[in-house]
file my_file.cif (mmCIF, C-alpha atoms)
data_final
loop_
_atom_site.label_atom_id
_atom_site.label_comp_id
_atom_site.auth_asym_id
_atom_site.auth_seq_id
_atom_site.Cartn_x
_atom_site.Cartn_y
_atom_site.Cartn_z
CA MET A 1 -25.16 10.50 -8.60
CA ASN A 2 -21.77 8.76 -8.60
CA TYR A 3 -20.43 10.12 -5.30
CA GLY A 4 -17.53 7.66 -5.25
CA ARG A 5 -16.10 8.80 -8.56
CA LYS A 6 -16.41 12.44 -7.52
CA LEU A 7 -14.54 11.69 -4.28
CA PHE A 8 -11.61 10.05 -6.07
CA TYR A 9 -11.03 13.05 -8.29
CA CYS A 10 -10.82 15.66 -5.51
CA ASN A 11 -8.10 18.26 -6.05
CA LYS A 12 -6.97 18.42 -2.41
CA ILE A 13 -6.30 14.85 -1.34
CA TYR A 14 -5.96 15.61 2.39
CA ASP A 15 -8.92 17.95 2.79
CA LEU A 16 -10.90 15.62 5.05
CA GLU A 17 -12.91 18.39 6.69
CA ASN A 18 -14.50 19.61 3.45
CA THR A 19 -15.13 16.15 2.04
CA GLU A 20 -16.85 14.52 5.02
CA ASP A 21 -20.35 14.80 3.55
CA LEU A 22 -19.16 13.50 0.17
CA PHE A 23 -17.35 10.58 1.82
CA VAL A 24 -20.45 9.58 3.83
CA LYS A 25 -22.63 9.69 0.69
CA ALA A 26 -20.04 7.66 -1.23
CA ILE A 27 -19.90 5.02 1.52
CA ARG A 28 -23.70 4.66 1.66
CA GLU A 29 -23.79 4.42 -2.12
CA ASN A 30 -21.04 1.78 -2.08
CA LEU A 31 -22.69 -0.33 0.63
CA LYS A 32 -26.04 -0.37 -1.20
CA HIS A 33 -24.26 -1.32 -4.42
CA HIS A 34 -22.65 -4.38 -2.79
CA ILE A 35 -25.81 -5.44 -0.95
CA ILE A 36 -27.60 -5.68 -4.30
CA ARG A 37 -24.79 -7.41 -6.17
CA CYS A 38 -23.16 -9.66 -3.54
CA PRO A 39 -25.67 -11.89 -1.68
CA GLU A 40 -22.94 -13.22 0.67
CA TYR A 41 -22.03 -9.71 1.79
CA ALA A 42 -25.71 -8.83 2.15
CA ARG A 43 -26.13 -11.82 4.50
CA ILE A 44 -23.15 -10.73 6.60
CA LEU A 45 -24.59 -7.25 7.07
CA SER A 46 -28.02 -8.72 7.77
CA GLU A 47 -26.61 -10.95 10.51
CA TYR A 48 -25.30 -7.81 12.21
CA GLU A 49 -28.66 -6.12 11.62
CA PHE A 50 -26.83 -3.32 9.85
CA SER A 51 -28.33 -0.97 7.26
CA PRO A 52 -26.41 1.57 5.13
CA ASP A 53 -28.95 4.19 6.21
CA GLU A 54 -27.36 4.08 9.67
CA ILE A 55 -24.37 5.96 8.22
CA LYS A 56 -25.55 9.56 8.56
CA THR A 57 -22.28 11.26 9.56
CA ILE A 58 -18.59 10.47 9.56
CA CYS A 59 -18.91 9.44 13.21
CA ASP A 60 -21.15 6.52 12.19
CA LEU A 61 -18.52 4.73 10.09
CA TYR A 62 -17.54 2.45 12.98
CA LYS A 63 -21.00 0.82 12.70
CA ILE A 64 -20.08 -0.85 9.40
CA PRO A 65 -19.19 -4.50 10.21
CA PRO A 66 -15.51 -4.85 9.23
CA ILE A 67 -14.56 -7.93 7.20
CA PRO A 68 -11.28 -9.53 8.45
CA THR A 69 -8.61 -10.07 5.80
CA LEU A 70 -8.23 -13.65 7.07
CA PHE A 71 -11.90 -14.26 6.18
CA LEU A 72 -11.29 -12.92 2.67
CA LYS A 73 -8.39 -15.34 2.22
CA ASN A 74 -10.82 -18.21 2.73
CA HIS A 75 -14.01 -16.70 1.30
CA PRO A 76 -13.49 -14.32 -1.65
CA LEU A 77 -16.45 -12.00 -2.20
CA PHE A 78 -17.37 -10.51 -5.58
CA SER A 79 -19.94 -7.93 -6.63
CA ALA A 80 -19.10 -8.24 -10.32
CA SER A 81 -18.80 -11.11 -12.74
CA PRO A 82 -15.19 -12.22 -13.44
CA LYS A 83 -15.66 -11.32 -17.11
CA TYR A 84 -16.01 -7.66 -16.11
CA LEU A 85 -12.76 -7.57 -14.12
CA MET A 86 -10.01 -5.61 -15.87
CA PHE A 87 -7.16 -6.26 -13.42
CA LYS A 88 -6.61 -9.13 -11.01
CA SER A 89 -4.05 -9.63 -8.26
CA THR A 90 -3.55 -11.59 -5.05
CA THR A 91 -1.59 -11.66 -1.86
CA SER A 92 0.73 -14.66 -1.64
CA GLY A 93 1.92 -17.18 0.91
CA THR A 94 3.18 -20.70 1.20
CA SER A 95 0.09 -21.65 3.24
CA GLY A 96 -2.02 -21.53 0.09
CA LYS A 97 -4.35 -18.92 1.60
CA VAL A 98 -4.52 -15.77 -0.49
CA SER A 99 -6.77 -12.75 -0.86
CA GLU A 100 -8.02 -12.12 -4.37
CA MET A 101 -8.62 -8.65 -5.75
CA GLY A 102 -10.17 -7.73 -9.07
CA LEU A 103 -10.94 -4.29 -10.45
CA ASP A 104 -13.85 -3.59 -12.76
CA PHE A 105 -14.00 -0.44 -14.92
CA SER A 106 -15.52 1.74 -12.19
CA SER A 107 -12.98 0.66 -9.54
CA SER A 108 -10.13 1.16 -12.02
CA LEU A 109 -11.32 4.65 -12.87
CA ARG A 110 -11.39 5.58 -9.18
CA GLY A 111 -7.97 4.04 -8.67
CA LEU A 112 -6.58 6.10 -11.53
CA GLY A 113 -7.89 9.30 -9.94
CA MET A 114 -6.30 8.32 -6.61
CA ILE A 115 -2.92 7.47 -8.15
CA LEU A 116 -2.78 10.71 -10.14
CA GLY A 117 -3.77 12.79 -7.10
CA THR A 118 -1.36 11.00 -4.76
CA PHE A 119 1.66 10.94 -7.06
CA PHE A 120 1.37 14.57 -8.10
CA THR A 121 0.68 15.77 -4.53
CA HIS A 122 3.76 13.97 -3.26
CA LYS A 123 5.83 15.05 -6.30
CA LEU A 124 6.66 11.48 -7.23
CA VAL A 125 6.10 12.09 -10.95
CA SER A 126 9.11 13.27 -12.92
CA PRO A 127 9.73 13.85 -16.66
CA TYR A 128 13.41 12.99 -16.18
CA PRO A 129 14.51 9.42 -17.05
CA ALA A 130 15.64 7.16 -14.21
CA ASN A 131 17.13 3.74 -13.62
CA TYR A 132 15.24 1.41 -11.28
CA ILE A 133 16.23 -1.08 -8.60
CA VAL A 134 13.15 -3.16 -7.78
CA LEU A 135 13.66 -4.90 -4.42
CA GLY A 136 11.25 -7.70 -5.15
CA TYR A 137 10.06 -10.06 -7.88
CA GLN A 138 10.48 -9.55 -11.60
CA PRO A 139 6.98 -9.54 -13.17
CA ALA A 140 5.88 -12.76 -14.85
CA LYS A 141 2.55 -13.98 -16.23
CA ARG A 142 2.42 -16.74 -13.62
CA ASN A 143 2.94 -14.25 -10.77
CA LYS A 144 -0.35 -12.63 -9.69
CA ILE A 145 0.94 -11.05 -6.46
CA GLY A 146 -0.36 -7.52 -6.00
CA ALA A 147 2.93 -6.21 -4.57
CA VAL A 148 4.73 -7.25 -7.77
CA LYS A 149 2.30 -5.31 -9.94
CA THR A 150 2.41 -2.28 -7.63
CA ALA A 151 6.22 -2.16 -7.71
CA TYR A 152 6.28 -2.42 -11.50
CA ALA A 153 3.57 0.24 -11.90
CA THR A 154 5.60 2.63 -9.76
CA THR A 155 8.43 2.46 -12.30
CA TYR A 156 6.25 4.51 -14.64
CA ALA A 157 6.34 7.57 -12.37
CA ALA A 158 9.53 8.56 -14.21
CA PRO A 159 10.60 7.23 -17.66
CA ALA A 160 12.51 3.99 -17.11
CA ILE A 161 15.93 3.60 -18.71
CA HIS A 162 16.56 0.19 -17.16
CA ARG A 163 15.08 -2.01 -14.42
CA GLU A 164 17.06 -4.44 -12.30
CA TYR A 165 15.22 -6.90 -10.02
CA ALA A 166 16.31 -8.46 -6.74
CA LEU A 167 14.49 -11.67 -7.64
CA LYS A 168 14.85 -12.56 -11.31
CA ASP A 169 12.48 -14.89 -13.16
CA THR A 170 14.18 -17.82 -14.88
CA GLY A 171 10.94 -19.05 -16.41
CA THR A 172 10.46 -21.80 -13.84
CA GLU A 173 11.62 -20.18 -10.59
CA TYR A 174 13.04 -17.01 -9.04
CA LYS A 175 16.76 -16.55 -8.43
CA LEU A 176 18.34 -14.10 -6.01
CA ASN A 177 20.15 -11.46 -8.06
CA THR A 178 22.62 -9.96 -5.57
CA GLU A 179 25.53 -9.57 -8.02
CA GLY A 180 23.20 -8.17 -10.65
CA LEU A 181 21.99 -5.45 -8.26
CA LYS A 182 25.52 -4.45 -7.26
CA ASN A 183 26.73 -4.31 -10.87
CA ALA A 184 23.64 -2.37 -11.92
CA LEU A 185 24.20 0.22 -9.18
CA ILE A 186 27.82 0.73 -10.20
CA ARG A 187 26.69 1.18 -13.80
CA TYR A 188 23.86 3.54 -12.79
CA GLU A 189 26.28 5.71 -10.82
CA ARG A 190 28.49 6.09 -13.91
CA MET A 191 25.50 6.93 -16.12
CA GLY A 192 24.62 9.83 -13.84
CA PHE A 193 20.82 9.57 -14.13
CA PRO A 194 18.63 9.43 -11.00
CA VAL A 195 18.09 5.98 -9.52
CA ARG A 196 14.77 4.94 -8.03
CA PHE A 197 14.50 2.08 -5.55
CA MET A 198 11.19 0.33 -4.90
CA GLY A 199 10.58 -2.52 -2.48
CA PHE A 200 10.65 -3.91 1.04
CA PRO A 201 12.73 -2.06 3.66
CA ALA A 202 14.32 -5.33 4.81
CA TYR A 203 15.57 -6.05 1.29
CA PHE A 204 16.88 -2.50 1.03
CA MET A 205 18.83 -2.97 4.25
CA PHE A 206 20.21 -6.31 3.03
CA LEU A 207 21.35 -4.65 -0.21
CA ILE A 208 23.17 -1.93 1.71
CA LYS A 209 24.88 -4.57 3.86
CA GLU A 210 25.96 -6.38 0.68
CA LEU A 211 27.46 -3.15 -0.63
CA ASN A 212 29.28 -2.62 2.66
CA ASP A 213 30.59 -6.20 2.71
CA SER A 214 31.87 -5.70 -0.85
CA GLN A 215 33.39 -2.36 0.18
CA ILE A 216 31.31 -0.54 -2.44
CA LYS A 217 30.44 3.06 -1.66
CA LEU A 218 28.36 5.00 -4.18
CA LYS A 219 27.36 8.61 -4.76
CA LEU A 220 24.11 8.46 -6.69
CA ASN A 221 22.43 11.37 -8.42
CA PRO A 222 20.92 13.59 -5.65
CA LYS A 223 17.53 13.46 -7.41
CA SER A 224 17.42 9.70 -6.80
CA LEU A 225 14.50 8.40 -4.75
CA ILE A 226 13.96 5.43 -2.45
CA ILE A 227 10.37 4.20 -2.04
CA LEU A 228 9.96 1.53 0.63
CA ALA A 229 6.78 -0.50 1.02
CA GLY A 230 5.39 -3.59 2.68
CA GLY A 231 6.91 -3.36 6.15
CA TRP A 232 9.48 -5.74 7.64
CA LYS A 233 7.16 -8.77 7.62
CA GLN A 234 8.96 -11.85 8.97
CA PHE A 235 12.22 -9.89 9.31
CA LEU A 236 10.98 -8.06 12.41
CA SER A 237 13.84 -9.50 14.46
CA GLU A 238 16.28 -7.72 12.14
CA GLN A 239 14.34 -4.47 11.89
CA VAL A 240 16.30 -1.28 12.52
CA ASP A 241 14.73 2.07 13.36
CA LYS A 242 14.17 4.54 10.56
CA SER A 243 16.96 6.91 11.54
CA THR A 244 19.49 4.05 11.49
CA LEU A 245 18.31 2.86 8.07
CA TYR A 246 18.45 6.40 6.69
CA GLU A 247 22.00 6.83 7.97
CA MET A 248 23.02 3.50 6.41
CA SER A 249 21.56 4.66 3.10
CA LYS A 250 23.38 8.00 3.25
CA GLU A 251 26.69 6.29 3.97
CA ALA A 252 26.39 3.67 1.20
CA LEU A 253 24.47 5.55 -1.50
CA GLY A 254 24.74 9.24 -0.63
CA LEU A 255 20.93 9.35 -0.12
CA GLY A 256 19.60 10.32 3.32
CA GLY A 257 16.16 10.44 4.87
CA ASP A 258 15.05 13.38 2.72
CA ARG A 259 15.26 11.09 -0.36
CA ILE A 260 13.45 8.15 1.26
CA ARG A 261 9.68 7.74 1.11
CA GLU A 262 7.51 4.99 2.52
CA PHE A 263 4.30 3.55 1.10
CA PHE A 264 1.55 1.55 2.79
CA GLY A 265 -1.25 -0.38 1.12
CA ALA A 266 -3.00 -3.76 0.98
CA VAL A 267 -4.59 -5.92 -1.69
CA GLU A 268 -7.83 -5.89 0.34
CA HIS A 269 -7.64 -2.08 0.63
CA PRO A 270 -5.97 -0.70 -2.51
CA ILE A 271 -5.56 2.85 -1.24
CA ALA A 272 -2.10 4.43 -1.57
CA TYR A 273 -0.72 5.92 1.65
CA PHE A 274 2.55 7.81 1.11
CA ASP A 275 4.40 9.30 4.04
CA CYS A 276 5.02 13.00 4.60
CA ILE A 277 8.39 14.70 5.12
CA ASN A 278 8.27 13.49 8.74
CA HIS A 279 7.58 9.93 7.52
CA HIS A 280 3.99 9.66 8.77
CA PHE A 281 1.03 8.12 6.90
CA HIS A 282 -1.67 10.80 6.79
CA VAL A 283 -5.21 9.70 5.88
CA PRO A 284 -6.31 10.91 2.41
CA VAL A 285 -9.86 11.85 1.39
CA TYR A 286 -10.24 8.42 -0.26
CA SER A 287 -10.41 6.58 3.05
CA ARG A 288 -10.96 6.72 6.79
CA VAL A 289 -9.06 4.78 9.44
CA ILE A 290 -10.41 3.39 12.70
CA ILE A 291 -8.31 1.75 15.41
CA ARG A 292 -10.27 -0.90 17.35
CA ASP A 293 -9.60 -2.84 20.54
CA THR A 294 -9.95 -6.62 20.83
CA ASN A 295 -13.71 -6.21 21.34
CA LEU A 296 -13.81 -4.18 18.10
CA LYS A 297 -14.65 -1.00 19.98
CA PRO A 298 -13.07 2.14 18.46
CA VAL A 299 -10.27 3.67 20.53
CA GLY A 300 -8.98 7.23 20.58
CA TYR A 301 -5.72 8.86 19.54
CA GLY A 302 -2.56 7.37 20.98
CA VAL A 303 -4.12 4.00 21.86
CA PRO A 304 -2.80 0.94 19.95
CA GLY A 305 -5.24 -1.47 18.38
CA LEU A 306 -6.32 -3.32 15.26
CA LEU A 307 -6.25 -1.36 12.00
CA ASN A 308 -9.66 -1.00 10.32
CA LEU A 309 -9.56 0.58 6.83
CA ILE A 310 -12.64 2.05 5.14
CA THR A 311 -13.06 3.18 1.53
CA PRO A 312 -15.74 3.34 -1.18
CA MET A 313 -13.21 2.67 -3.97
CA MET A 314 -14.16 -0.89 -4.86
CA THR A 315 -17.34 -1.60 -6.82
CA SER A 316 -16.20 -5.07 -7.92
CA MET A 317 -15.67 -6.47 -4.41
CA PRO A 318 -17.19 -5.52 -1.01
CA PHE A 319 -13.98 -4.21 0.56
CA THR A 320 -15.78 -1.20 2.03
CA SER A 321 -14.63 -1.88 5.61
CA VAL A 322 -11.71 -4.26 6.10
CA MET A 323 -10.07 -5.37 9.34
CA THR A 324 -6.37 -6.01 8.78
CA ASP A 325 -4.00 -8.10 10.88
CA ASP A 326 -1.90 -4.98 11.54
CA LEU A 327 -1.51 -3.30 14.90
CA ALA A 328 -1.48 0.48 14.63
CA VAL A 329 -1.99 3.74 16.49
CA MET A 330 -3.57 7.03 15.32
CA TYR A 331 -2.50 10.59 16.06
CA PRO A 332 -4.04 14.00 15.26
CA GLY A 333 -2.47 15.69 12.24
CA ASP A 334 -1.28 18.69 14.26
CA LYS A 335 1.11 16.43 16.18
CA CYS A 336 3.13 15.63 13.05
CA GLY A 337 4.51 19.11 12.38
CA CYS A 338 4.58 18.77 8.57
CA GLY A 339 1.62 21.11 8.10
CA ASN A 340 -0.84 18.39 7.05
CA LYS A 341 -3.87 18.52 9.38
CA SER A 342 -5.15 15.09 8.39
CA PRO A 343 -4.76 12.42 11.14
CA TYR A 344 -1.94 9.95 10.64
CA PHE A 345 -1.28 6.38 11.74
CA GLU A 346 1.79 4.33 12.53
CA ILE A 347 2.09 0.58 11.97
CA LEU A 348 3.36 -1.16 15.12
CA GLY A 349 3.47 -4.74 13.86
CA ARG A 350 1.27 -7.66 12.93
CA VAL A 351 -1.00 -9.94 14.91
CA GLY A 352 0.82 -13.21 15.56
CA MET A 353 -1.27 -15.73 13.64
CA ALA A 354 0.66 -18.80 12.54
CA ASP A 355 -1.38 -19.46 9.40
CA ILE A 356 -0.94 -15.96 7.99
CA LYS A 357 1.82 -15.78 5.39
CA THR A 358 2.97 -12.52 3.88
CA CYS A 359 3.66 -11.52 0.31
CA ALA A 360 7.37 -11.69 1.12
CA ALA A 361 7.27 -15.32 2.25
CA GLY A 362 8.78 -16.87 -0.86
CA ALA A 363 11.42 -14.19 -1.19
CA ALA A 364 12.40 -14.63 2.44
CA GLU A 365 13.34 -18.25 1.80
CA LEU A 366 15.66 -17.17 -1.01
CA LEU A 367 17.20 -14.41 1.10
CA ALA A 368 17.85 -16.83 3.94
#
call {"tool": "encode", "arguments": {"input": "my_file.cif", "output": "structure tokens"}}
result
Amino acid sequence: MNYGRKLFYCNKIYDLENTEDLFVKAIRENLKHHIIRCPEYARILSEYEFSPDEIKTICDLYKIPPIPTLFLKNHPLFSASPKYLMFKSTTSGTSGKVSEMGLDFSSSLRGLGMILGTFFTHKLVSPYPANYIVLGYQPAKRNKIGAVKTAYATTYAAPAIHREYALKDTGTEYKLNTEGLKNALIRYERMGFPVRFMGFPAYFMFLIKELNDSQIKLKLNPKSLIILAGGWKQFLSEQVDKSTLYEMSKEALGLGGDRIREFFGAVEHPIAYFDCINHHFHVPVYSRVIIRDTNLKPVGYGVPGLLNLITPMMTSMPFTSVMTDDLAVMYPGDKCGCGNKSPYFEILGRVGMADIKTCAAGAAELLA
């Protein structure tokens, strides 16, 4: 039975309690699939003397050896032939080290179920047309960065009238499009349709500062929506707390925290985490999250550690259990207050590794 596909088409995307058995079966199924089809991954698990049959309950998930994202940047692992991959994307960085991700038909079908469930649950889908401000790169054939494709795909959640990009493609390079963004926003305000923003929070803050410096104050359609993703990356020194950013947005655009949503995801773990009304990332049925200490031992609620993400989504690549370079902390769902009982996590920052470059690296040089 295809347990993974069944999991990704669950009606209630935060019903962890009633999907535990299904998740465990899907994980075992996924691990066995990759052991057969990816000899390198099979050797890794063998070195740890791990067998998928050890996963009997949800409490056993920590036993799966997590693969560090840094390893995947140097040693891509595939469980499917490249000719069967429907979609491909990468992380980016000036260091030349990237993580590759490719979706076969089965992975794509699961991803579709997740996107539909997530977008409809969070009411991100709208039949009303909208204008878009994409705070990132304009798509181009030569650009394989996953964040670029994700941002563009999000513009289909509501019919797009027009898209304006912070970084425009000239055919040979990307140019910062500050004036274009400001002019587009003035035009969008006059048109009266909702405006949807998608991109990095740092770029959003920089745009607001540009509007303030130009003494431009807008009152956008109240149905407008701001979706922020990707964290502050190398702009951590300029990071402002959420309440400050929300107030800046309300002052410049007329859109406060109730019209701002945040998204978390990774190329090596293509699960969509959208925040709740209290701006927390609750864990959906498609994944489980473990926080580990420096000895890779799981830690409890409220204790910071390394973020380990687990999902049976991918059949094309063995991304079943991935160790990110993010520092995070988990809390029980009841502590949030939004009504969602699923546990949630907060991203605290990134591990300071000099050779890790983020997907915002190139854009940062232009912004500087």
call {"tool": "residues_around", "arguments": {"input": "my_file.cif", "residues": "Glu164 in chain A", "least_positions_apart": "3", "cutoff": "9 Å", "atoms": "all atoms listed in the file", "output": "JSON, numbers by chain"}}
result
{"A": [131, 132, 133, 134, 135, 138, 167, 168, 177, 180, 181, 184]}
call {"tool": "resolve_selection", "arguments": {"input": "my_file.cif", "expression": "the PyMOL selection byres ((chain A and resi 250-256) around 6)", "output": "PyMOL selection string"}}
result
chain A and resi 217-220+246-249+257-259
call {"tool": "atom_distance", "arguments": {"input": "my_file.cif", "atom1": "CA of Met317 in chain A", "atom2": "CA of Ile27 in chain A"}}
result
13.6 Å
call {"tool": "residues_around", "arguments": {"input": "my_file.cif", "residues": "Ile58 in chain A", "least_positions_apart": "2", "cutoff": "9 Å", "atoms": "all atoms listed in the file", "output": "PyMOL selection string"}}
result
chain A and resi 20-21+23-24+55-56+60-62+288
call {"tool": "residues_around", "arguments": {"input": "my_file.cif", "residues": "Leu45 in chain A", "least_positions_apart": "5", "cutoff": "10 Å", "atoms": "only C-alpha atoms", "output": "PyMOL selection string"}}
result
chain A and resi 31+35+39-40+50-52+64-66
call {"tool": "resolve_selection", "arguments": {"input": "my_file.cif", "expression": "the PyMOL selection byres ((chain A and resi 343) around 6)", "output": "mmCIF file with C-alpha atoms, in the coordinates of the input"}}
result
data_model
loop_
_atom_site.group_PDB
_atom_site.id
_atom_site.type_symbol
_atom_site.label_atom_id
_atom_site.label_comp_id
_atom_site.auth_asym_id
_atom_site.auth_seq_id
_atom_site.Cartn_x
_atom_site.Cartn_y
_atom_site.Cartn_z
ATOM 1 C CA HIS A 282 -1.670 10.800 6.790
ATOM 2 C CA VAL A 283 -5.210 9.700 5.880
ATOM 3 C CA TYR A 331 -2.500 10.590 16.060
ATOM 4 C CA PRO A 332 -4.040 14.000 15.260
ATOM 5 C CA GLY A 333 -2.470 15.690 12.240
ATOM 6 C CA SER A 342 -5.150 15.090 8.390
ATOM 7 C CA TYR A 344 -1.940 9.950 10.640
#
call {"tool": "residues_around", "arguments": {"input": "my_file.cif", "residues": "range 267-272 of chain A", "least_positions_apart": "2", "cutoff": "10 Å", "atoms": "only C-alpha atoms", "output": "count of residues only"}}
result
47
call {"tool": "resolve_selection", "arguments": {"input": "my_file.cif", "expression": "the PyMOL selection byres ((chain A and resi 291) around 6)", "output": "list of chain:residue names"}}
result
A:Ile290, A:Arg292, A:Pro298, A:Val299, A:Gly305, A:Leu306, A:Leu307, A:Asn308
call {"tool": "atom_distance", "arguments": {"input": "my_file.cif", "atom1": "CA of Gly302 in chain A", "atom2": "CA of Lys341 in chain A"}}
result
16.1 Å
call {"tool": "atom_distance", "arguments": {"input": "my_file.cif", "atom1": "CA of Leu245 in chain A", "atom2": "CA of Lys175 in chain A"}}
result
25.5 Å
